[in-house]
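Below is one structure, written out as structure tokens; comments come after it.
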Amino acid sequence: MIEIKNITKAFGKLQVLKGIDINLEKGKIYAFLGPNGSGKTTLIKTILGLNQPDNGEILIQNENIKNNWQYKSCIGYMPQIARFPENLNMMELLGMTRDIRKTASDEEKYISYFNLEGARDKKLKNLSGGTKQKVNAVLAFMFNPDILIFDEPSVGLDPVAHLKLKDLMREERDNGKTILLTTHILSEVEELADEVIFLLDGKIYFQGTVQNLVQTQNESNLERAIAQLLLQTEKKSKKLSFQAA
Amino acid sequence: MAAIFQTSRFILKTALSVVLLLAGQVVQAKTLPVSPTGEIRSVKEAVRLAQSYDTILIASGIYHENDIEINKPLTIIGRQNPVIDAGFKKGIFSVMAQNVLIAGLTLQNVEESFTKNYAAVRVRGGGHITVRNNTILNCYYGVYLEQTDSCTVRHNYIRGNAKQESTSGNAIHLYRTENITVADNKVSGHRDGIYLESSSNSTITGNVSQNNLRYGLHFMFSDNNSYQRNKFIRNGSGIAVMYSRNIIMTDNLFEQNWGAAAYGILLKDIVDSRIERNIFRQNTTGIYAEGSTRLYLKNNEFRNNGWAVRLLGSSEDLTFEENNFIGNTFEISTSTNYNSNNIFRGNYWSSYTGYDLNHDGTGDVAHKPVRLFSYLLEDIPTSVVLLRSLFIDLLELIEKVAPVLTPENVLDNQPSTRLNTWKS
Amino acid sequence: MNSLTKIIKYSFYDTWRSWWALLYGLFFLVISATLLYFSGDFNKAIVSLLNIVLLLVPLISTVFGVMYAYNSREFTELLLAQPIKRNNIFLGQYLGLTLSLALSLSLGLGITFLLFAGTAEESVHLGMLTLCGTLLTAIFTGLAFLMSALFEDRVKGFGIAILIWLFAAVIYDGLLLTFLVIFNDYPLEKATIGLTLFNPIDLSRILILLRLETAALLGYTGAVFNKFLGTALGMVVSLGALLVWIFVPLLLFLKKVQNKDF
């Protein structure tokens, strides 16, 4: 579905991605983990075409995404922070994206699913952060895309909406969608992820199931396993810096 | 000796007139008709046949004639608008006698010349000549008076076809004359509309001079003349008057004299003169004064000019009293090292920003009519591109708070807060 | 309707509906109506209006341009994730904002004009003022967008955009005057015409003044300016220069965002 081949990316002197290679398949939820600055968001933005990689290529449904924008019609994206044109209302915003994408959409289903009936005619600037986030979710799902990308989706969502969102993700996975997710909430990962991709310092440090990760680190749960991972890497980088010195 | 000679000449002259008058009574003055089909078919022929004080009546028709010399007192009158066409060969009438009247004719197509001053009516010497109710078209000079006196040029329509200054003449040209009246003429399309040189004691009244190549009115070395109720409109360079004294200019209109060097009126070395109740409207410069002294300017209206008044060189002892300055880009502009004793009193300035607490019609703060920018412009003409620029506005604001450059002594201490009114 | 016009449509809606677009238009309506009503002299009112337009239109366009560009950053990211050409997103946002600003201005001035129903000549003057105002809006919005693309730090971007405005509105004329003072002994008319082409605010000012205060500008060396700027050729060159002032920053902006990482 998504083939990422040897992607590198630097912002100025800072090398953020140092050669990423992964294949993401249909019908799975991938959780991208890693400390701040490990390159999760950059990788996702690269897939979305917001960033251009320095090297390597990304194929989505066997199409190279370089200098290509049409491929985005098979992606639904829910960003971390919701900021919309202030003076449009929700229906106008949805109408606008529908205008742009020109594919069949099912926004009504998701509006009622997320309980957004009351927000229809309100100006977007008057909506709460959580409500805006729900609007974002509607935008991601309404075109029934093959690929769904969530960047910290739980931020600002109330527990009910969060639960509903997770249900929806599972449902879509079962419908054969490819789902990418970055998050800090490990329970979310445990609940949802078919595969964990642990990024560290611009590289993939671990790829496998949650179970796999816990086992390889000889820990009892994901949280401890991740902590263990981080500790190891810290030692390693110290070693490396000693050697360099 | 000279006095005796002059007196004897005067006696001789008087005696002669008396004799002539008696002769007139004895021999009845004849009327000679000229017509294309009659006995006398040309004006020249009629003039040859005529005795002094005869009348030549010209009937309607076109007469192809030029260089008609008149050397005796004659009355020449056109009936039903006869046309005398010089066919661009020389001039038409050349008068060298006393008591000649030329009226009711259309005179046209006088030759342009670099050496001779060909004119529709050329008067040299003589006196008591009247030129009236004529239409003068496409002539090099229209009416040219030289070394003559007590003449009247009235109610003529003179339209030239001047293309360049160097090859064109003036509509009404006075040179070394005395006591001339130029009234109610309409002149256009010449080099200068009305021109006076070394001519004094004349009255220029009610004329309309417009669309002339150079000046609507132009005079120099001409003292004691008065200019009243004339209109000078859209002339190439406006009006220029120079080197004269005791001039009276009242109730004239100077309008739309636009151009790089156009002035409503250019005063150069004008002394002891009065300029009152004139209207200066939409001129590049309303009044431009250079080296002029003891001028009294009262009740003039300056409206929508670029510069209302520009004072350059040593223009001193000028009094501006109860004039109206309305909507001019610059009100008064002076040369850079300006220091004079000119007086501004009771003028209305539309840019006045002061107040009048007791409502007596006189502003409580003095008005400074010289803008910093106009001061800059005198030095650096190109800076006109900065007109109404924010930067200039800021500079002027600073200058207003703390004057450094603009002359301290050019100010109206009693500015009127209401438009001044007067009867014309 | 292609995606560009859609983006224009929605960013136009968005800005046009906000209270400040209304306020902006209302301001010009009130100011122009007041000036016309109290001065009674159309030309005088236009000249005063000219000063206000030349001062405020570039400033407001700059401020709103920068604010809009930075504030819509997150939404732009959302749009970038949609199947649209990059250029269309940014060009659309630029045109949407420019259109709503220009429309507010034109309506403000236009309604006044309808209220006072001037002559044909007066409507040409007002049309010219509106045209120059619109071009200045396009120019300074473009410069503001370019600054927002060049500087990630919005305080820096805002500061530099304001500096550009200040330079064009005030400092440039100061430098020009200094130049004229220093080289006063040389024939400078042509050089001066050339120099005014480099400042869109000066250029607009002269274009309008040439139509209004002909008397003052025609005087003296003004003739040279009128000979050039007052003719059809000069008009075409000046308007051409203003268009260059729109297109160069806009193209630089589009080029910059084409390869920009978000």
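Identifiers in this document derive from the order of the structure tokens: chains are assigned A, B, ..., residues are numbered from 1 separately in each chain, and ligands are numbered from 1 in order of occurrence.
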Contacts of region 205-217 of chain A at 7 Å or less, counting only C-alpha atoms, minus same-chain residues fewer than 2 places along, as number ranges by chain?
A: 190, 194-200, 203, 219-222, 225, 228
Any idea what's packed within 9 Å of Arg371 (chain B), counting only C-alpha atoms, ignoring anything in its chain fewer than 2 positions away? Could you give it as a list in words?
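Close residues of Arg371 (chain B): Phe330, Glu331, Ile332, Ser333, Lys368, Pro369, Phe373, Ser374, Tyr375, Leu376, Glu396, Glu399, Lys400 and Thr406 of chain B.
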Would you list the contacts of region 8-15 of chain C as a list in words, taking every protein, DNA or RNA residue within 7 Å and counting only C-alpha atoms, but skipping same-chain residues closer than 6 positions in sequence?
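What passes the distance filter is Pro85, Glu86, Asn87 and Leu88 of chain A; Ala21, Gly92, Gln93, Leu95, Gly96, Leu97, Leu99 and Ser100 of chain C.
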Can those selected residues be exported to a file as a short mmCIF file (atom, residue, chain, number, x, y, z; two decimals), in the first residue's frame so that it contains all heavy atoms?
data_model
loop_
_atom_site.label_atom_id
_atom_site.label_comp_id
_atom_site.auth_asym_id
_atom_site.auth_seq_id
_atom_site.Cartn_x
_atom_site.Cartn_y
_atom_site.Cartn_z
N PRO A 85 -10.50 28.29 8.76
CA PRO A 85 -10.89 29.66 8.45
C PRO A 85 -11.96 30.08 9.45
O PRO A 85 -12.98 29.41 9.59
CB PRO A 85 -11.47 29.56 7.04
CG PRO A 85 -10.85 28.34 6.48
CD PRO A 85 -10.63 27.40 7.62
N GLU A 86 -11.71 31.17 10.12
CA GLU A 86 -12.53 31.51 11.28
C GLU A 86 -13.99 31.79 10.97
O GLU A 86 -14.87 31.51 11.77
CB GLU A 86 -11.95 32.76 11.94
CG GLU A 86 -10.61 32.51 12.57
CD GLU A 86 -10.18 33.68 13.41
OE1 GLU A 86 -10.57 34.81 13.06
OE2 GLU A 86 -9.48 33.46 14.41
N ASN A 87 -14.23 32.37 9.80
CA ASN A 87 -15.56 32.88 9.56
C ASN A 87 -16.45 31.96 8.74
O ASN A 87 -17.55 32.32 8.37
CB ASN A 87 -15.47 34.25 8.90
CG ASN A 87 -14.74 35.22 9.80
OD1 ASN A 87 -15.22 35.56 10.86
ND2 ASN A 87 -13.54 35.61 9.40
N LEU A 88 -15.95 30.76 8.44
CA LEU A 88 -16.82 29.79 7.80
C LEU A 88 -17.48 28.96 8.89
O LEU A 88 -16.96 28.84 9.99
CB LEU A 88 -15.99 28.87 6.90
CG LEU A 88 -15.19 29.51 5.77
CD1 LEU A 88 -14.51 28.44 4.93
CD2 LEU A 88 -16.07 30.37 4.89
N ALA C 21 -13.17 43.39 7.63
CA ALA C 21 -13.38 43.73 6.21
C ALA C 21 -14.51 44.75 6.12
O ALA C 21 -14.44 45.72 5.36
CB ALA C 21 -13.71 42.49 5.41
N GLY C 92 -4.56 31.01 -4.43
CA GLY C 92 -5.97 31.19 -4.08
C GLY C 92 -6.14 32.01 -2.81
O GLY C 92 -6.98 32.91 -2.76
N GLN C 93 -5.32 31.71 -1.81
CA GLN C 93 -5.42 32.47 -0.56
C GLN C 93 -5.05 33.93 -0.80
O GLN C 93 -5.70 34.84 -0.29
CB GLN C 93 -4.49 31.87 0.49
CG GLN C 93 -4.97 30.52 0.98
CD GLN C 93 -4.09 29.96 2.06
OE1 GLN C 93 -2.93 30.35 2.19
NE2 GLN C 93 -4.62 29.03 2.83
N LEU C 95 -5.22 35.63 -3.64
CA LEU C 95 -6.24 36.32 -4.42
C LEU C 95 -7.51 36.54 -3.60
O LEU C 95 -8.15 37.59 -3.70
CB LEU C 95 -6.57 35.52 -5.69
CG LEU C 95 -5.46 35.54 -6.74
CD1 LEU C 95 -5.81 34.62 -7.90
CD2 LEU C 95 -5.23 36.95 -7.25
N GLY C 96 -7.85 35.55 -2.77
CA GLY C 96 -9.03 35.70 -1.93
C GLY C 96 -8.92 36.90 -1.01
O GLY C 96 -9.84 37.72 -0.91
N LEU C 97 -7.78 37.03 -0.36
CA LEU C 97 -7.58 38.16 0.55
C LEU C 97 -7.53 39.49 -0.20
O LEU C 97 -8.19 40.46 0.18
CB LEU C 97 -6.29 37.96 1.36
CG LEU C 97 -5.97 39.09 2.34
CD1 LEU C 97 -7.04 39.18 3.41
CD2 LEU C 97 -4.61 38.89 2.98
N LEU C 99 -8.77 40.22 -3.08
CA LEU C 99 -10.09 40.56 -3.60
C LEU C 99 -10.99 41.16 -2.53
O LEU C 99 -11.67 42.15 -2.76
CB LEU C 99 -10.77 39.31 -4.15
CG LEU C 99 -10.52 38.98 -5.61
CD1 LEU C 99 -11.28 37.73 -6.00
CD2 LEU C 99 -10.96 40.16 -6.49
N SER C 100 -10.98 40.55 -1.35
CA SER C 100 -11.90 41.06 -0.34
C SER C 100 -11.47 42.44 0.14
O SER C 100 -12.30 43.31 0.37
CB SER C 100 -12.05 40.08 0.82
OG SER C 100 -10.81 39.86 1.42
#
From a DSSP pass on the backbone, collect the residues of region 18-237 of chain A flagged as alpha helix (DSSP H) and hand them back as a PyMOL selection string.
chain A and resi 40-48+90-101+107-113+129-141+159-174+186-192+210-216+222-237
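Residues lying within 9 Å of Lys122 (chain A), counting only C-alpha atoms and ignoring same-chain neighbours fewer than 5 positions away, are Leu88, Asn89, Met90, Met91 and Leu127 of chain A.
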Write out as a Markdown table a residue-level contact list of chain A versus chain C with cut-off 9 Å: for each qualifying residue the closest pair of atoms and the distance in Å to one decimal, counting only C-alpha atoms, rows sorted by chain and residue number upward.
| residue | atom | partner | partner_atom | distance |
| --- | --- | --- | --- | --- |
| A:Phe11 | CA | C:Asp261 | CA | 8.8 |
| A:Lys45 | CA | C:Phe262 | CA | 7.7 |
| A:Thr46 | CA | C:Asp261 | CA | 8.9 |
| A:Leu48 | CA | C:Ala81 | CA | 5.7 |
| A:Gly49 | CA | C:Ala81 | CA | 7.1 |
| A:Leu50 | CA | C:Phe262 | CA | 5.4 |
| A:Asn51 | CA | C:Asp261 | CA | 4.4 |
| A:Gln52 | CA | C:Asp261 | CA | 6.7 |
| A:Asn68 | CA | C:Lys85 | CA | 8.3 |
| A:Trp69 | CA | C:Pro83 | CA | 5.3 |
| A:Gln70 | CA | C:Pro83 | CA | 5.1 |
| A:Tyr71 | CA | C:Pro83 | CA | 6.8 |
| A:Lys72 | CA | C:Pro83 | CA | 4.7 |
| A:Ser73 | CA | C:Pro83 | CA | 5.2 |
| A:Cys74 | CA | C:Pro83 | CA | 8.7 |
| A:Ile75 | CA | C:Ala81 | CA | 7.9 |
| A:Gly76 | CA | C:Ala81 | CA | 8.0 |
| A:Tyr77 | CA | C:Ala81 | CA | 6.8 |
| A:Met78 | CA | C:Leu78 | CA | 8.1 |
| A:Pro79 | CA | C:Leu78 | CA | 7.2 |
| A:Ile81 | CA | C:Glu74 | CA | 7.4 |
| A:Ala82 | CA | C:Glu74 | CA | 7.2 |
| A:Arg83 | CA | C:Phe75 | CA | 5.4 |
| A:Phe84 | CA | C:Phe75 | CA | 5.3 |
| A:Pro85 | CA | C:Asp14 | CA | 6.1 |
| A:Glu86 | CA | C:Asp14 | CA | 6.8 |
| A:Asn87 | CA | C:Asp14 | CA | 5.0 |
| A:Leu88 | CA | C:Asp14 | CA | 5.8 |
| A:Glu92 | CA | C:Tyr10 | CA | 8.6 |
| A:Leu93 | CA | C:Tyr10 | CA | 8.6 |
| A:Met96 | CA | C:Tyr10 | CA | 7.2 |
| A:Thr97 | CA | C:Gln82 | CA | 7.9 |
| A:Asp99 | CA | C:Lys6 | CA | 7.4 |
| A:Ile100 | CA | C:Ser3 | CA | 5.9 |
| A:Arg101 | CA | C:Pro83 | CA | 6.5 |
Quick one: which region 239-292 of chain B residues come within 12 Å of region 407-422 of chain B, and what is the nearest atom pair for each with the distance in Å to one decimal, counting only C-alpha atoms, rows ordered by chain and ascending number, as JSON lines?
{"residue": "B:Asp251", "atom": "CA", "partner": "B:Trp422", "partner_atom": "CA", "distance": 11.1}
{"residue": "B:Glu276", "atom": "CA", "partner": "B:Trp422", "partner_atom": "CA", "distance": 10.3}
{"residue": "B:Arg277", "atom": "CA", "partner": "B:Trp422", "partner_atom": "CA", "distance": 7.9}
{"residue": "B:Asn278", "atom": "CA", "partner": "B:Trp422", "partner_atom": "CA", "distance": 11.2}
Mind writing the picked residues with C-alpha atoms as a short mmCIF file (atom, residue, chain, number, x, y, z; two decimals), in the first residue's frame?
data_model
loop_
_atom_site.label_atom_id
_atom_site.label_comp_id
_atom_site.auth_asym_id
_atom_site.auth_seq_id
_atom_site.Cartn_x
_atom_site.Cartn_y
_atom_site.Cartn_z
CA ASP B 251 -11.32 93.52 -12.71
CA GLU B 276 -7.23 95.07 -7.72
CA ARG B 277 -10.31 92.93 -7.99
CA ASN B 278 -8.78 90.54 -10.48
#
Counting only C-alpha atoms, collect the residues of chain B whose closest atom lies at most 8 Å from chain C, and write them out as a PyMOL selection string.
chain B and resi 258-262+282-285+305-307+327+329+380-386+388-391
As JSON, numbers by chain, which residues of region 58-103 of chain A does DSSP assign to strand (DSSP E or B)?
{"A": [58, 59, 60, 63, 64, 75, 76, 77, 78, 89]}
Please dump the current selection as a compact mmCIF listing (two decimals), in the first residue's frame; keep C-alpha atoms.
# COMPACT_ATOMS: atom_id res chain seq x y z
CA ILE A 58 7.57 7.01 -1.44
CA LEU A 59 5.15 4.93 -3.45
CA ILE A 60 1.51 4.95 -2.58
CA GLU A 63 2.55 5.60 -7.54
CA ASN A 64 5.54 7.80 -6.78
CA ILE A 75 -5.75 9.87 2.11
CA GLY A 76 -7.73 11.14 5.06
CA TYR A 77 -5.69 13.24 7.50
CA MET A 78 -6.47 14.39 10.98
CA ASN A 89 -19.19 27.41 9.55
Residues within 12 Å of Met128 (chain C), only C-alpha atoms, excluding chain neighbours under 2 positions, as a ChimeraX atom specification:
/C:46,50,53,106,109-110,121-126,130-135,204-212,235,239
Can you spit out the residues from that selection as a PDB file, in the first residue's frame, using N, CA and C atoms?
ATOM      1  N   ILE C  46     -10.836  64.604  -3.233  1.00  0.00           N
ATOM      2  CA  ILE C  46     -10.072  63.498  -3.820  1.00  0.00           C
ATOM      3  C   ILE C  46      -8.619  63.569  -3.378  1.00  0.00           C
ATOM      4  N   LEU C  50      -6.765  60.863  -1.401  1.00  0.00           N
ATOM      5  CA  LEU C  50      -5.546  60.266  -1.947  1.00  0.00           C
ATOM      6  C   LEU C  50      -4.522  60.050  -0.847  1.00  0.00           C
ATOM      7  N   VAL C  53      -5.657  57.137   1.265  1.00  0.00           N
ATOM      8  CA  VAL C  53      -5.519  55.861   0.557  1.00  0.00           C
ATOM      9  C   VAL C  53      -4.051  55.450   0.478  1.00  0.00           C
ATOM     10  N   SER C 106     -13.240  49.464  -2.701  1.00  0.00           N
ATOM     11  CA  SER C 106     -14.002  49.976  -3.841  1.00  0.00           C
ATOM     12  C   SER C 106     -15.437  50.283  -3.443  1.00  0.00           C
ATOM     13  N   LEU C 109     -15.541  53.548  -1.382  1.00  0.00           N
ATOM     14  CA  LEU C 109     -15.412  54.744  -2.215  1.00  0.00           C
ATOM     15  C   LEU C 109     -16.571  54.862  -3.194  1.00  0.00           C
ATOM     16  N   GLY C 110     -16.977  53.717  -3.732  1.00  0.00           N
ATOM     17  CA  GLY C 110     -18.000  53.714  -4.781  1.00  0.00           C
ATOM     18  C   GLY C 110     -19.362  54.173  -4.271  1.00  0.00           C
ATOM     19  N   GLU C 121     -15.998  63.321 -15.457  1.00  0.00           N
ATOM     20  CA  GLU C 121     -14.589  63.560 -15.170  1.00  0.00           C
ATOM     21  C   GLU C 121     -14.255  63.157 -13.738  1.00  0.00           C
ATOM     22  N   GLU C 122     -15.169  63.483 -12.841  1.00  0.00           N
ATOM     23  CA  GLU C 122     -14.946  63.143 -11.443  1.00  0.00           C
ATOM     24  C   GLU C 122     -14.940  61.641 -11.234  1.00  0.00           C
ATOM     25  N   SER C 123     -15.793  60.945 -11.964  1.00  0.00           N
ATOM     26  CA  SER C 123     -15.793  59.494 -11.780  1.00  0.00           C
ATOM     27  C   SER C 123     -14.509  58.885 -12.322  1.00  0.00           C
ATOM     28  N   VAL C 124     -13.931  59.520 -13.350  1.00  0.00           N
ATOM     29  CA  VAL C 124     -12.639  59.027 -13.833  1.00  0.00           C
ATOM     30  C   VAL C 124     -11.583  59.187 -12.742  1.00  0.00           C
ATOM     31  N   HIS C 125     -11.583  60.366 -12.070  1.00  0.00           N
ATOM     32  CA  HIS C 125     -10.633  60.587 -10.973  1.00  0.00           C
ATOM     33  C   HIS C 125     -10.807  59.542  -9.884  1.00  0.00           C
ATOM     34  N   LEU C 126     -12.069  59.329  -9.505  1.00  0.00           N
ATOM     35  CA  LEU C 126     -12.330  58.386  -8.434  1.00  0.00           C
ATOM     36  C   LEU C 126     -11.976  56.967  -8.869  1.00  0.00           C
ATOM     37  N   THR C 130      -9.414  54.478  -7.115  1.00  0.00           N
ATOM     38  CA  THR C 130      -9.786  53.117  -6.737  1.00  0.00           C
ATOM     39  C   THR C 130      -8.845  52.105  -7.385  1.00  0.00           C
ATOM     40  N   LEU C 131      -8.536  52.356  -8.651  1.00  0.00           N
ATOM     41  CA  LEU C 131      -7.621  51.449  -9.360  1.00  0.00           C
ATOM     42  C   LEU C 131      -6.264  51.402  -8.665  1.00  0.00           C
ATOM     43  N   CYS C 132      -5.726  52.594  -8.363  1.00  0.00           N
ATOM     44  CA  CYS C 132      -4.427  52.629  -7.695  1.00  0.00           C
ATOM     45  C   CYS C 132      -4.516  51.963  -6.320  1.00  0.00           C
ATOM     46  N   GLY C 133      -5.629  52.201  -5.608  1.00  0.00           N
ATOM     47  CA  GLY C 133      -5.812  51.564  -4.308  1.00  0.00           C
ATOM     48  C   GLY C 133      -5.819  50.048  -4.442  1.00  0.00           C
ATOM     49  N   THR C 134      -6.499  49.557  -5.463  1.00  0.00           N
ATOM     50  CA  THR C 134      -6.568  48.114  -5.691  1.00  0.00           C
ATOM     51  C   THR C 134      -5.188  47.540  -6.008  1.00  0.00           C
ATOM     52  N   LEU C 135      -4.455  48.244  -6.887  1.00  0.00           N
ATOM     53  CA  LEU C 135      -3.116  47.767  -7.237  1.00  0.00           C
ATOM     54  C   LEU C 135      -2.214  47.767  -6.004  1.00  0.00           C
ATOM     55  N   SER C 204       1.803  55.682  -7.679  1.00  0.00           N
ATOM     56  CA  SER C 204       0.349  55.880  -7.610  1.00  0.00           C
ATOM     57  C   SER C 204       0.029  57.334  -7.326  1.00  0.00           C
ATOM     58  N   ARG C 205       0.796  57.918  -6.418  1.00  0.00           N
ATOM     59  CA  ARG C 205       0.547  59.307  -6.047  1.00  0.00           C
ATOM     60  C   ARG C 205       0.685  60.214  -7.260  1.00  0.00           C
ATOM     61  N   ILE C 206       1.748  60.026  -8.004  1.00  0.00           N
ATOM     62  CA  ILE C 206       1.988  60.903  -9.151  1.00  0.00           C
ATOM     63  C   ILE C 206       0.940  60.674 -10.228  1.00  0.00           C
ATOM     64  N   LEU C 207       0.583  59.397 -10.431  1.00  0.00           N
ATOM     65  CA  LEU C 207      -0.428  59.089 -11.448  1.00  0.00           C
ATOM     66  C   LEU C 207      -1.733  59.836 -11.167  1.00  0.00           C
ATOM     67  N   ILE C 208      -2.115  59.892  -9.902  1.00  0.00           N
ATOM     68  CA  ILE C 208      -3.382  60.548  -9.569  1.00  0.00           C
ATOM     69  C   ILE C 208      -3.222  62.069  -9.564  1.00  0.00           C
ATOM     70  N   LEU C 209      -2.122  62.532  -9.003  1.00  0.00           N
ATOM     71  CA  LEU C 209      -1.909  63.988  -8.946  1.00  0.00           C
ATOM     72  C   LEU C 209      -1.845  64.596 -10.336  1.00  0.00           C
ATOM     73  N   LEU C 210      -1.256  63.874 -11.271  1.00  0.00           N
ATOM     74  CA  LEU C 210      -1.151  64.400 -12.628  1.00  0.00           C
ATOM     75  C   LEU C 210      -2.525  64.684 -13.193  1.00  0.00           C
ATOM     76  N   ARG C 211      -3.521  63.954 -12.698  1.00  0.00           N
ATOM     77  CA  ARG C 211      -4.869  64.175 -13.190  1.00  0.00           C
ATOM     78  C   ARG C 211      -5.575  65.285 -12.429  1.00  0.00           C
ATOM     79  N   LEU C 212      -5.119  65.542 -11.222  1.00  0.00           N
ATOM     80  CA  LEU C 212      -5.841  66.507 -10.388  1.00  0.00           C
ATOM     81  C   LEU C 212      -5.147  67.853 -10.336  1.00  0.00           C
ATOM     82  N   MET C 235       1.449  56.430 -19.033  1.00  0.00           N
ATOM     83  CA  MET C 235       0.385  55.744 -18.290  1.00  0.00           C
ATOM     84  C   MET C 235       0.593  54.236 -18.363  1.00  0.00           C
ATOM     85  N   LEU C 239       1.500  51.958 -15.171  1.00  0.00           N
ATOM     86  CA  LEU C 239       0.638  50.847 -14.772  1.00  0.00           C
ATOM     87  C   LEU C 239       1.400  49.534 -14.912  1.00  0.00           C
TER      88      LEU C 239
END
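When the distance limit is 6 Å and only C-alpha atoms are what count, the residues near Val187 (chain B), minus those fewer than 5 positions from it on the same chain, are Ile158, Arg159, Gly193 and Ser209 of chain B.
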